[in-house]
Amino acid sequence: MFFGVRICCGRSLGILGTLLGALVLISSAKPQAKPDVKIDARSSALVDFNRQILPLLSENCFACHGPDAGQRKAKLRLDTKEGAFAELRSGGHAIVPGKSSESKMIEKITAPDPKERMPPAKTGKQLKPEQIVLLKQWIDQGAGWTEHWAWTAP
């Protein structure tokens with residue numbers, strides 16, 4: 001029996017039979033239920049910067065706080081780690097690792113006054129409540145900032 005699997009009758013299946021059996025098992029497996037979309041701020045699940053936070057910042061923040069110095073507002077740059085954690089002109093910090101309540105970014109995205117809230121209404125963008133919770137959770141977990149996998153040495 002070379003690369004085969006014995007079946008109950010004493011016969012063995014070849015590689016093709018084994019692969020066919022595996023395919024049947026895979027195709028008959030129950031699909032995994034999708035996790036609930038709601039995010040608990042107290043959850044212990046680690047927020048993944050590259051998968052969850054970077055796309056959120058890119059979509060909602062980088063137009064005004066990204067790489068284009070000509071379009072950048074308030075001299076705040078959120079597309080680099082150095083810029084995101086740098087001291088602001090006001091003396092505070094946009095992101096204070098471990099302390100979302102002290103982070104100016106959270107203050108701005110949750111501002112009750114629509115004129116103060118980010119992103120500005122004129123951009124047509126608005127953060128969903130679960131996205132705000134996710135940002136708070138990320139900051140409270142230490143605001144881990146990882147480089148894209150393509151820029152990391154194997």
# chains A, B, ... in the order shown; residues from 1 in each chain; ligands from 1
>>> residues_around(residues="Met118 (chain A)", least_positions_apart="6", cutoff="12 Å", atoms="only C-alpha atoms", output="PyMOL selection string")
chain A and resi 57+60-65+73+104-112+124-128+132
>>> residues_around(residues="Pro67 (chain A)", least_positions_apart="6", cutoff="12 Å", atoms="only C-alpha atoms", output="list in words")
Ser58, Cys61, Lys73, Lys75, Leu76, Arg77, Leu78, Asp79, Thr80, Gly83 and Ala84 of chain A
>>> closest_residue(among="A:Ala69, A:Ala121, A:Ile53, A:Ala143", to="Ser103 (chain A)", atoms="only C-alpha atoms")
A:Ala143
>>> closest_residue(among="A:His93, A:Lys99, A:Glu116, A:Thr123", to="Gly142 (chain A)", atoms="only C-alpha atoms")
A:Lys99
>>> select_by_dssp(residues="region 42-146 of chain A", states="helix (DSSP H, G or I)", output="PyMOL selection string")
chain A and resi 49-60+62-65+81-85+100-102+104-109+121-123+129-140
>>> closest_residue(among="A:Ala150, A:Leu88, A:Ala45, A:Ile95", to="Lys136 (chain A)", atoms="only C-alpha atoms")
A:Ile95
>>> closest_residue(among="A:Leu54, A:Ile139, A:Ala153, A:Leu46", to="Gly98 (chain A)", atoms="only C-alpha atoms")
A:Ile139
>>> residues_around(residues="region 47-51 of chain A", least_positions_apart="2", cutoff="10 Å", atoms="only C-alpha atoms", output="list in words")
Ser43, Ser44, Ala45, Ile53, Leu54, Pro55, Leu56, Leu134, Leu135, Gln137, Trp138, Ile139, Gln141, Ala143, Gly144, Trp145, Thr146, Glu147, His148 and Trp149 of chain A
>>> atom_distance(atom1="CA of Glu130 (chain A)", atom2="CA of Gln52 (chain A)")
11.5 Å
